[in-house]
file structure27.pdb (PDB, C-alpha atoms)
ATOM      1  CA  MET S   1      98.637 116.118  37.208
ATOM      2  CA  ALA S   2      99.611 112.747  35.735
ATOM      3  CA  MET S   3     100.118 110.214  38.497
ATOM      4  CA  ASN S   4     100.648 106.533  38.968
ATOM      5  CA  ASN S   5      98.005 105.798  41.618
ATOM      6  CA  ASP S   6      99.730 102.705  43.045
ATOM      7  CA  HIS S   7     102.846 104.510  44.141
ATOM      8  CA  SER S   8     101.622 108.166  44.223
ATOM      9  CA  ARG S   9     104.204 109.036  41.592
ATOM     10  CA  LEU S  10     104.034 111.874  39.128
ATOM     11  CA  GLY S  11     104.265 111.105  35.432
ATOM     12  CA  CYS S  12     107.923 112.141  35.458
ATOM     13  CA  GLY S  13     108.704 109.483  38.115
ATOM     14  CA  ARG S  14     108.986 111.695  41.200
ATOM     15  CA  GLU S  15     107.152 110.578  44.334
ATOM     16  CA  LEU S  16     104.337 112.910  45.334
ATOM     17  CA  ASP S  17     105.355 112.823  49.038
ATOM     18  CA  GLU S  18     108.877 113.883  48.157
ATOM     19  CA  PHE S  19     107.482 116.666  45.958
ATOM     20  CA  TRP S  20     105.133 117.834  48.744
ATOM     21  CA  ALA S  21     107.992 117.928  51.274
ATOM     22  CA  SER S  22     109.797 120.553  49.190
ATOM     23  CA  ILE S  23     106.735 122.515  48.077
ATOM     24  CA  ASP S  24     107.810 125.651  50.009
ATOM     25  CA  GLU S  25     111.199 125.733  48.296
ATOM     26  CA  PRO S  26     111.764 127.446  44.942
ATOM     27  CA  PRO S  27     111.290 125.152  41.902
ATOM     28  CA  THR S  28     114.407 123.163  40.961
ATOM     29  CA  ALA S  29     115.834 123.191  37.441
ATOM     30  CA  HIS S  30     113.913 119.952  36.720
ATOM     31  CA  GLU S  31     110.628 121.367  38.059
ATOM     32  CA  GLN S  32     111.022 124.516  35.930
ATOM     33  CA  SER S  33     111.050 122.458  32.764
ATOM     34  CA  CYS S  34     108.794 119.518  33.778
ATOM     35  CA  ALA S  35     105.119 119.849  32.889
ATOM     36  CA  ASP S  36     104.099 117.156  35.418
ATOM     37  CA  CYS S  37     105.872 118.913  38.264
ATOM     38  CA  GLN S  38     104.449 122.313  37.283
ATOM     39  CA  SER S  39     100.964 120.849  37.109
ATOM     40  CA  ALA S  40     101.448 119.104  40.480
ATOM     41  CA  ARG S  41     102.673 122.322  42.097
ATOM     42  CA  ASN S  42      99.649 124.262  40.834
ATOM     43  CA  SER S  43      97.262 121.511  41.955
ATOM     44  CA  LEU S  44      98.808 121.316  45.435
ATOM     45  CA  TYR S  45      98.712 125.116  45.807
ATOM     46  CA  HIS S  46      95.049 125.015  44.831
ATOM     47  CA  LEU S  47      94.375 122.169  47.297
ATOM     48  CA  ALA S  48      96.093 124.121  50.092
ATOM     49  CA  ALA S  49      94.033 127.231  49.314
ATOM     50  CA  VAL S  50      90.772 125.258  49.286
ATOM     51  CA  THR S  51      91.689 123.488  52.561
ATOM     52  CA  GLU S  52      92.557 126.814  54.202
ATOM     53  CA  SER S  53      89.289 128.322  53.042
ATOM     54  CA  MET S  54      87.298 125.327  54.384
ATOM     55  CA  ARG S  55      89.149 125.546  57.695
ATOM     56  CA  GLU S  56      88.286 129.246  58.040
ATOM     57  CA  ARG S  57      84.650 128.534  57.191
ATOM     58  CA  ASP S  58      84.490 125.702  59.769
ATOM     59  CA  LYS S  59      85.665 128.109  62.480
ATOM     60  CA  ILE S  60      82.496 130.165  62.160
ATOM     61  CA  ASP S  61      80.065 127.420  61.138
ATOM     62  CA  PRO S  62      77.454 127.365  63.951
ATOM     63  CA  GLU S  63      76.919 123.614  63.484
ATOM     64  CA  LEU S  64      80.580 122.912  64.221
ATOM     65  CA  GLN S  65      80.797 125.015  67.397
ATOM     66  CA  PRO S  66      81.004 123.072  70.684
ATOM     67  CA  GLY S  67      77.816 122.998  72.728
ATOM     68  CA  SER S  68      77.571 124.936  75.959
ATOM     69  CA  ARG S  69      77.896 121.752  78.038
ATOM     70  CA  VAL S  70      81.115 120.767  76.277
ATOM     71  CA  LYS S  71      82.538 124.289  76.748
ATOM     72  CA  GLU S  72      81.499 124.258  80.384
ATOM     73  CA  ALA S  73      83.161 120.877  80.996
ATOM     74  CA  ILE S  74      86.408 121.997  79.349
ATOM     75  CA  MET S  75      86.457 125.294  81.261
ATOM     76  CA  LEU S  76      85.825 123.500  84.545
ATOM     77  CA  VAL S  77      88.836 121.258  83.991
ATOM     78  CA  ALA S  78      90.910 124.184  82.633
ATOM     79  CA  ARG S  79      90.235 126.318  85.706
ATOM     80  CA  ALA S  80      91.128 123.393  87.995
ATOM     81  CA  GLU S  81      94.321 122.838  86.012
ATOM     82  CA  ILE S  82      95.397 126.479  86.383
ATOM     83  CA  ARG S  83      94.826 126.312  90.140
ATOM     84  CA  ARG S  84      97.101 123.253  90.326
ATOM     85  CA  GLY S  85     100.106 125.402  89.370
ATOM     86  CA  LYS S  86     103.567 124.191  88.444
ATOM     87  CA  LYS S  87     104.732 120.637  88.931
ATOM     88  CA  THR S  88     107.648 119.607  91.113
ATOM     89  CA  PRO S  89     109.519 116.428  90.163
ATOM     90  CA  LEU S  90     109.666 113.896  93.012
ATOM     91  CA  LYS S  91     111.408 110.881  91.565
ATOM     92  CA  ARG S  92     112.464 109.248  88.319
ATOM     93  CA  THR S  93     112.194 105.464  88.495
ATOM     94  CA  SER S  94     113.128 102.988  85.790
ATOM     95  CA  LEU S  95     109.445 103.074  84.754
ATOM     96  CA  GLY S  96     109.032 106.851  84.427
ATOM     97  CA  ALA S  97     108.676 110.191  86.193
ATOM     98  CA  ILE S  98     106.656 111.001  89.310
ATOM     99  CA  GLU S  99     105.662 114.632  89.894
ATOM    100  CA  ILE S 100     103.464 116.580  92.292
ATOM    101  CA  SER S 101     101.395 119.672  91.540
ATOM    102  CA  GLU S 102     102.056 122.883  93.452
ATOM    103  CA  GLN S 103      98.427 122.884  94.636
ATOM    104  CA  ALA S 104      98.773 119.391  96.153
ATOM    105  CA  LEU S 105     102.003 120.356  97.896
ATOM    106  CA  VAL S 106     100.523 123.600  99.256
ATOM    107  CA  ALA S 107      97.447 121.735 100.531
ATOM    108  CA  LEU S 108      99.712 119.203 102.251
ATOM    109  CA  ILE S 109     101.786 121.938 103.915
ATOM    110  CA  ARG S 110      98.706 123.840 105.088
ATOM    111  CA  PHE S 111      97.150 120.597 106.358
ATOM    112  CA  ALA S 112     100.345 119.721 108.272
ATOM    113  CA  ALA S 113     100.639 123.171 109.875
ATOM    114  CA  SER S 114      96.967 123.291 110.814
ATOM    115  CA  THR S 115      97.157 119.985 112.720
ATOM    116  CA  LEU S 116      98.918 121.929 115.501
ATOM    117  CA  PRO S 117      96.626 123.517 118.078
ATOM    118  CA  GLY S 118      96.487 127.309 117.797
ATOM    119  CA  VAL S 119      97.801 127.398 114.208
ATOM    120  CA  ARG S 120      95.808 128.373 111.117
ATOM    121  CA  ALA S 121      97.824 128.123 107.932
ATOM    122  CA  ARG S 122      97.061 130.682 105.246
ATOM    123  CA  ARG S 123      99.066 131.327 102.087
ATOM    124  CA  CYS S 124     102.058 129.288 101.015
ATOM    125  CA  GLU S 125     104.616 129.887  98.267
ATOM    126  CA  ILE S 126     106.891 127.148  97.034
ATOM    127  CA  HIS S 127     110.274 127.533  95.383
ATOM    128  CA  ALA S 128     111.589 124.267  93.974
ATOM    129  CA  ASP S 129     114.459 123.195  91.777
ATOM    130  CA  ASN S 130     112.453 121.868  88.838
ATOM    131  CA  ARG S 131     115.258 119.790  87.397
ATOM    132  CA  GLY S 132     114.320 117.018  89.814
ATOM    133  CA  PRO S 133     116.300 113.972  90.882
ATOM    134  CA  ALA S 134     118.145 111.762  88.395
ATOM    135  CA  LEU S 135     117.048 108.188  87.590
ATOM    136  CA  ASP S 136     116.673 106.163  90.816
ATOM    137  CA  SER S 137     118.699 108.821  92.634
ATOM    138  CA  PRO S 138     118.591 108.564  96.446
ATOM    139  CA  THR S 139     118.913 112.378  96.599
ATOM    140  CA  PRO S 140     115.451 113.797  97.267
ATOM    141  CA  THR S 141     114.014 116.994  95.839
ATOM    142  CA  GLU S 142     114.611 120.053  98.010
ATOM    143  CA  VAL S 143     112.234 123.009  98.245
ATOM    144  CA  ARG S 144     112.012 126.334 100.043
ATOM    145  CA  ILE S 145     108.655 127.601 101.238
ATOM    146  CA  ALA S 146     107.210 130.838 102.591
ATOM    147  CA  LEU S 147     104.194 130.179 104.810
ATOM    148  CA  THR S 148     101.813 132.740 106.274
ATOM    149  CA  VAL S 149      99.951 131.770 109.436
ATOM    150  CA  ALA S 150      97.537 133.143 112.008
ATOM    151  CA  LEU S 151      98.185 132.065 115.605
ATOM    152  CA  SER S 152      96.006 131.834 118.641
ATOM    153  CA  SER S 153      96.792 134.641 121.091
ATOM    154  CA  THR S 154      97.308 132.012 123.790
ATOM    155  CA  VAL S 155     100.334 130.247 122.196
ATOM    156  CA  LYS S 156     103.993 131.150 122.574
ATOM    157  CA  ILE S 157     105.094 132.290 119.140
ATOM    158  CA  PRO S 158     108.749 131.085 118.952
ATOM    159  CA  GLU S 159     107.980 127.588 120.274
ATOM    160  CA  THR S 160     104.897 127.253 118.080
ATOM    161  CA  LEU S 161     106.810 128.267 114.946
ATOM    162  CA  ALA S 162     109.508 125.701 115.754
ATOM    163  CA  LEU S 163     106.751 123.063 115.992
ATOM    164  CA  VAL S 164     105.244 124.238 112.678
ATOM    165  CA  ARG S 165     108.613 123.833 110.935
ATOM    166  CA  GLU S 166     109.091 120.379 112.407
ATOM    167  CA  ARG S 167     105.536 119.217 111.597
ATOM    168  CA  VAL S 168     105.560 120.551 108.029
ATOM    169  CA  GLY S 169     108.988 119.043 107.343
ATOM    170  CA  THR S 170     107.992 115.657 108.764
ATOM    171  CA  VAL S 171     104.630 115.360 107.002
ATOM    172  CA  VAL S 172     105.894 116.553 103.613
ATOM    173  CA  GLU S 173     108.914 114.245 103.711
ATOM    174  CA  ALA S 174     106.780 111.280 104.798
ATOM    175  CA  GLN S 175     104.287 111.860 101.959
ATOM    176  CA  THR S 176     106.602 112.867  99.142
ATOM    177  CA  SER S 177     110.283 112.447 100.159
ATOM    178  CA  ILE S 178     110.710 116.199  99.589
ATOM    179  CA  ILE S 179     113.187 117.809 101.972
ATOM    180  CA  MET S 180     112.304 121.265 103.293
ATOM    181  CA  LYS S 181     115.494 123.207 102.753
ATOM    182  CA  GLN S 182     114.061 126.422 104.157
ATOM    183  CA  ILE S 183     110.743 127.272 105.826
ATOM    184  CA  ASP S 184     110.067 130.989 106.198
ATOM    185  CA  ILE S 185     107.036 131.748 108.335
ATOM    186  CA  VAL S 186     105.213 135.053 108.657
ATOM    187  CA  VAL S 187     102.789 135.415 111.560
ATOM    188  CA  GLU S 188     100.198 137.552 109.884
ATOM    189  CA  ASP S 189      97.564 137.650 112.581
ATOM    190  CA  LEU S 190      96.707 136.678 116.153
ATOM    191  CA  TYR S 191      93.215 135.487 116.880
ATOM    192  CA  ASP S 192      91.303 135.129 120.147
ATOM    193  CA  VAL S 193      90.232 131.642 121.134
TER     194      VAL S 193
ATOM    195  CA  MET K   1     105.380  91.684  68.789
ATOM    196  CA  MET K   2     102.998  94.585  68.560
ATOM    197  CA  SER K   3     104.254  95.741  65.203
ATOM    198  CA  ASP K   4     103.156  92.392  63.741
ATOM    199  CA  GLN K   5      99.574  92.898  64.866
ATOM    200  CA  PRO K   6      96.985  94.380  62.554
ATOM    201  CA  LEU K   7      96.012  97.935  63.503
ATOM    202  CA  VAL K   8      92.427  96.958  64.395
ATOM    203  CA  ASP K   9      93.634  94.412  66.982
ATOM    204  CA  GLN K  10      96.091  96.898  68.413
ATOM    205  CA  VAL K  11      93.358  99.530  68.835
ATOM    206  CA  ALA K  12      91.033  97.026  70.498
ATOM    207  CA  ASP K  13      93.851  96.012  72.854
ATOM    208  CA  LEU K  14      94.547  99.604  73.828
ATOM    209  CA  ASP K  15      90.882 100.382  74.508
ATOM    210  CA  ALA K  16      90.436  97.242  76.587
ATOM    211  CA  LEU K  17      93.679  97.966  78.403
ATOM    212  CA  ALA K  18      92.568 101.527  79.242
ATOM    213  CA  ASP K  19      89.276 100.241  80.654
ATOM    214  CA  SER K  20      90.849  97.504  82.746
ATOM    215  CA  LEU K  21      93.595  99.856  83.997
ATOM    216  CA  THR K  22      91.007 102.432  85.053
ATOM    217  CA  SER K  23      88.973  99.933  87.073
ATOM    218  CA  GLU K  24      92.016  98.228  88.572
ATOM    219  CA  LEU K  25      93.702 101.502  89.546
ATOM    220  CA  MET K  26      90.524 102.725  91.237
ATOM    221  CA  GLU K  27      90.566  99.627  93.451
ATOM    222  CA  GLN K  28      93.935 100.580  94.928
ATOM    223  CA  PRO K  29      93.684 101.751  98.541
ATOM    224  CA  GLY K  30      94.652 105.417  98.821
ATOM    225  CA  LEU K  31      93.741 106.381  95.261
ATOM    226  CA  LEU K  32      90.769 108.761  95.432
ATOM    227  CA  ARG K  33      90.411 109.719  91.782
ATOM    228  CA  LEU K  34      91.966 109.715  88.355
ATOM    229  CA  GLU K  35      91.855 113.436  87.567
ATOM    230  CA  PRO K  36      90.802 114.609  84.087
ATOM    231  CA  THR K  37      93.064 117.253  82.540
ATOM    232  CA  VAL K  38      92.529 119.599  79.592
ATOM    233  CA  LYS K  39      95.015 117.498  77.613
ATOM    234  CA  SER K  40      93.161 114.221  78.211
ATOM    235  CA  MET K  41      89.763 115.848  77.600
ATOM    236  CA  ILE K  42      90.730 117.521  74.336
ATOM    237  CA  ARG K  43      92.333 114.306  73.125
ATOM    238  CA  LYS K  44      89.157 112.392  73.967
ATOM    239  CA  PHE K  45      86.990 114.943  72.106
ATOM    240  CA  LYS K  46      89.370 114.936  69.142
ATOM    241  CA  VAL K  47      89.358 111.146  68.817
ATOM    242  CA  SER K  48      85.556 110.880  69.040
ATOM    243  CA  LEU K  49      85.050 113.848  66.694
ATOM    244  CA  VAL K  50      87.381 112.464  64.018
ATOM    245  CA  ALA K  51      85.816 109.010  64.305
ATOM    246  CA  SER K  52      82.283 110.385  63.919
ATOM    247  CA  THR K  53      82.903 112.971  61.191
ATOM    248  CA  GLN K  54      85.604 111.274  59.116
ATOM    249  CA  PRO K  55      85.184 107.506  59.486
ATOM    250  CA  GLY K  56      87.664 105.647  57.323
ATOM    251  CA  SER K  57      89.970 108.636  56.908
ATOM    252  CA  ARG K  58      93.682 108.365  57.609
ATOM    253  CA  ALA K  59      93.216 110.649  60.645
ATOM    254  CA  ALA K  60      90.450 108.421  62.031
ATOM    255  CA  ALA K  61      92.543 105.329  61.536
ATOM    256  CA  SER K  62      95.583 106.778  63.269
ATOM    257  CA  ALA K  63      93.853 108.605  66.119
ATOM    258  CA  PRO K  64      93.202 105.541  68.314
ATOM    259  CA  SER K  65      96.962 105.017  68.761
ATOM    260  CA  THR K  66      96.213 107.302  71.697
ATOM    261  CA  VAL K  67      93.426 106.313  74.048
ATOM    262  CA  THR K  68      92.239 108.482  76.917
ATOM    263  CA  ARG K  69      90.125 107.993  79.989
ATOM    264  CA  ASP K  70      89.674 110.489  82.806
ATOM    265  CA  GLY K  71      93.169 111.046  84.210
ATOM    266  CA  LEU K  72      94.721 108.417  81.976
ATOM    267  CA  VAL K  73      96.394 108.760  78.570
ATOM    268  CA  LEU K  74      97.745 105.676  76.780
ATOM    269  CA  THR K  75      99.868 106.208  73.690
ATOM    270  CA  VAL K  76     101.493 103.655  71.428
ATOM    271  CA  ALA K  77     104.829 104.781  70.037
ATOM    272  CA  ASP K  78     107.902 102.792  69.018
ATOM    273  CA  ASP K  79     105.977  99.553  69.689
ATOM    274  CA  ARG K  80     105.575 100.454  73.359
ATOM    275  CA  VAL K  81     102.625 101.661  75.416
ATOM    276  CA  HIS K  82     103.352 104.953  77.185
ATOM    277  CA  VAL K  83     101.037 105.947  80.022
ATOM    278  CA  SER K  84     100.437 109.240  81.738
ATOM    279  CA  ALA K  85      98.255 109.137  84.879
ATOM    280  CA  ASP K  86      96.999 112.118  86.899
ATOM    281  CA  ILE K  87      95.896 111.137  90.384
ATOM    282  CA  ALA K  88      94.354 112.398  93.610
ATOM    283  CA  THR K  89      95.469 110.529  96.739
ATOM    284  CA  ASP K  90      94.237 110.108 100.297
ATOM    285  CA  VAL K  91      96.474 111.826 102.871
ATOM    286  CA  GLU K  92      96.292 108.666 104.996
ATOM    287  CA  HIS K  93      98.474 106.946 102.388
ATOM    288  CA  ARG K  94     102.010 107.910 101.398
ATOM    289  CA  ALA K  95     101.568 109.700  98.058
ATOM    290  CA  LEU K  96     104.988 108.870  96.568
ATOM    291  CA  GLY K  97     104.765 105.213  97.622
ATOM    292  CA  LEU K  98     101.318 104.937  96.068
ATOM    293  CA  ALA K  99     102.526 106.537  92.823
ATOM    294  CA  GLU K 100     105.361 103.991  92.604
ATOM    295  CA  GLN K 101     102.913 101.132  93.243
ATOM    296  CA  LEU K 102     100.685 102.425  90.451
ATOM    297  CA  GLN K 103     103.644 102.637  88.058
ATOM    298  CA  ALA K 104     104.497  98.989  88.784
ATOM    299  CA  LEU K 105     100.857  97.896  88.472
ATOM    300  CA  ILE K 106     100.426  99.671  85.133
ATOM    301  CA  ALA K 107     103.658  98.141  83.786
ATOM    302  CA  ARG K 108     102.518  94.646  84.859
ATOM    303  CA  ARG K 109      99.107  95.007  83.257
ATOM    304  CA  ILE K 110     100.619  96.229  79.987
ATOM    305  CA  GLN K 111     102.898  93.190  79.948
ATOM    306  CA  ASP K 112      99.981  90.887  80.837
ATOM    307  CA  SER K 113      98.201  92.257  77.753
ATOM    308  CA  GLY K 114     101.103  91.103  75.602
ATOM    309  CA  LEU K 115     102.341  94.645  74.994
ATOM    310  CA  ALA K 116     105.579  96.352  76.004
ATOM    311  CA  PRO K 117     105.486  99.117  78.624
ATOM    312  CA  GLY K 118     107.148 102.435  77.790
ATOM    313  CA  GLU K 119     107.350 105.553  79.973
ATOM    314  CA  ILE K 120     104.816 105.479  82.809
ATOM    315  CA  ASP K 121     104.537 108.974  84.240
ATOM    316  CA  ILE K 122     102.435 109.722  87.310
ATOM    317  CA  THR K 123     101.433 113.203  88.446
ATOM    318  CA  ILE K 124      99.984 113.694  91.924
ATOM    319  CA  LEU K 125      97.479 116.495  91.371
ATOM    320  CA  ALA K 126      95.818 116.448  94.790
ATOM    321  CA  ILE K 127      96.336 115.019  98.266
ATOM    322  CA  GLU K 128      93.124 115.111 100.261
ATOM    323  CA  GLY K 129      91.702 113.984 103.577
ATOM    324  CA  GLN K 130      88.547 111.889 103.255
TER     325      GLN K 130
END

call {"tool": "encode", "arguments": {"input": "structure27.pdb", "output": "structure tokens"}}
result
Amino acid sequence: MAMNNDHSRLGCGRELDEFWASIDEPPTAHEQSCADCQSARNSLYHLAAVTESMRERDKIDPELQPGSRVKEAIMLVARAEIRRGKKTPLKRTSLGAIEISEQALVALIRFAASTLPGVRARRCEIHADNRGPALDSPTPTEVRIALTVALSSTVKIPETLALVRERVGTVVEAQTSIIMKQIDIVVEDLYDV
Amino acid sequence: MMSDQPLVDQVADLDALADSLTSELMEQPGLLRLEPTVKSMIRKFKVSLVASTQPGSRAAASAPSTVTRDGLVLTVADDRVHVSADIATDVEHRALGLAEQLQALIARRIQDSGLAPGEIDITILAIEGQ
């Protein structure tokens, strides 16, 4: 393939980058009659085939496989990332976006509920509008949650659940500005003190 | 202007900036950790792998336009430094307030380095009691 090295041009004057960009398209009338273009096309096809073959070989080359410590480190982070769940947008400032992971929000809700005597928070599901607030919007994110709890057999259930709603709403809003639009609570168990 | 700087200087700036941001962020009360993510880890491996196996290649030269540390990804695009930070906070501190403080701190430090701040995104990955 005749080329001017300074400008990566083919002998016929076409730029190699421009030629490469249209390599998947059928040859134009010029390319069908131009020896430089035909030679370039064949060379680039050959280069692509060689590259593909090297890539396939690298995939199974034992010397290029990650070590067990590297794999372990990646898997550790990957597992933690999966546990973190979806992200809920909190705010968009002039500098950028602020989000919170579902795992962090669930931990905060369970922590808030469990600060009340006689309450043990268990599972928590979060339903959030993931569009999030607009830039510098004073309107906070709203979420709905479904919380499962176990209560001490000594507490009065209706009053305790009212306190749980109040405590969860207060703590979550103080930490994140999120407003609890709806808090469904299921008392799953009663335990003896 | 960043675009006027040679690439080598720009890369050095970004690496130094990532190091100083990491240490300065970790001094902020209420910030427990910068959390590594798969994205930041893979990017770190990719950059070091390309640099060690293909020194001088176009890929090696362009890779450092993104610099990663645990929980921190700095990317230069459109002459601005974009930052993504993944954090774990102490429940004794207001998480959203802390995230906003960190955004402002990061923007200031980028400007102090003579670069222009771009998008600074913060993700709160954990809120924990100490």

call {"tool": "closest_atom_pairs", "arguments": {"input": "structure27.pdb", "of": "chain S", "to": "chain K", "cutoff": "6 Å", "atoms": "only C-alpha atoms", "output": "Markdown table"}}
result
| residue | atom | partner | partner_atom | distance |
| --- | --- | --- | --- | --- |
| S:Val77 | CA | K:Val38 | CA | 6.0 |
| S:Ala78 | CA | K:Val38 | CA | 5.7 |
| S:Leu95 | CA | K:Ile120 | CA | 5.6 |
| S:Gly96 | CA | K:Ile120 | CA | 4.7 |
| S:Ala97 | CA | K:Asp121 | CA | 4.7 |
| S:Ile98 | CA | K:Ile122 | CA | 4.8 |
| S:Glu99 | CA | K:Thr123 | CA | 4.7 |
| S:Ile100 | CA | K:Ile124 | CA | 4.5 |
| S:Ser101 | CA | K:Leu125 | CA | 5.0 |
| S:Ala104 | CA | K:Ala126 | CA | 4.4 |
| S:Gln175 | CA | K:Arg94 | CA | 4.6 |
| S:Thr176 | CA | K:Leu96 | CA | 5.0 |

call {"tool": "residues_around", "arguments": {"input": "structure27.pdb", "residues": "Arg144 of chain S", "least_positions_apart": "3", "cutoff": "7 Å", "atoms": "only C-alpha atoms", "output": "mmCIF file with C-alpha atoms, in the coordinates of the input"}}
result
data_model
loop_
_atom_site.group_PDB
_atom_site.id
_atom_site.type_symbol
_atom_site.label_atom_id
_atom_site.label_comp_id
_atom_site.auth_asym_id
_atom_site.auth_seq_id
_atom_site.Cartn_x
_atom_site.Cartn_y
_atom_site.Cartn_z
ATOM 1 C CA ILE S 126 106.891 127.148 97.034
ATOM 2 C CA HIS S 127 110.274 127.533 95.383
ATOM 3 C CA ALA S 128 111.589 124.267 93.974
ATOM 4 C CA MET S 180 112.304 121.265 103.293
ATOM 5 C CA LYS S 181 115.494 123.207 102.753
ATOM 6 C CA GLN S 182 114.061 126.422 104.157
ATOM 7 C CA ILE S 183 110.743 127.272 105.826
#

call {"tool": "residues_around", "arguments": {"input": "structure27.pdb", "residues": "segment 154-159 of chain S", "least_positions_apart": "2", "cutoff": "8 Å", "atoms": "only C-alpha atoms", "output": "list in words"}}
result
Gly118, Leu151, Ser152, Leu161, Ala162, Leu163, Asp192 and Val193 of chain S

call {"tool": "atom_distance", "arguments": {"input": "structure27.pdb", "atom1": "atom CA of Leu90 of chain S", "atom2": "atom CA of Glu102 of chain S"}}
result
11.8 Å

call {"tool": "closest_residue", "arguments": {"input": "structure27.pdb", "among": "K:Gln101, K:Ser65, K:Gln111, K:Ser40", "to": "Gln28 of chain K", "atoms": "all atoms listed in the file"}}
result
K:Gln101

call {"tool": "closest_residue", "arguments": {"input": "structure27.pdb", "among": "K:Leu102, K:Leu14, K:Val81, K:Ala116", "to": "Val67 of chain K", "atoms": "only C-alpha atoms"}}
result
K:Leu14

call {"tool": "resolve_selection", "arguments": {"input": "structure27.pdb", "expression": "the PyMOL selection byres ((chain K and resi 17) around 10)", "output": "count of residues only"}}
result
19

call {"tool": "residues_around", "arguments": {"input": "structure27.pdb", "residues": "Glu125 of chain S", "least_positions_apart": "4", "cutoff": "7 Å", "atoms": "all atoms listed in the file", "output": "list in words"}}
result
Ile145, Ala146 and Leu147 of chain S
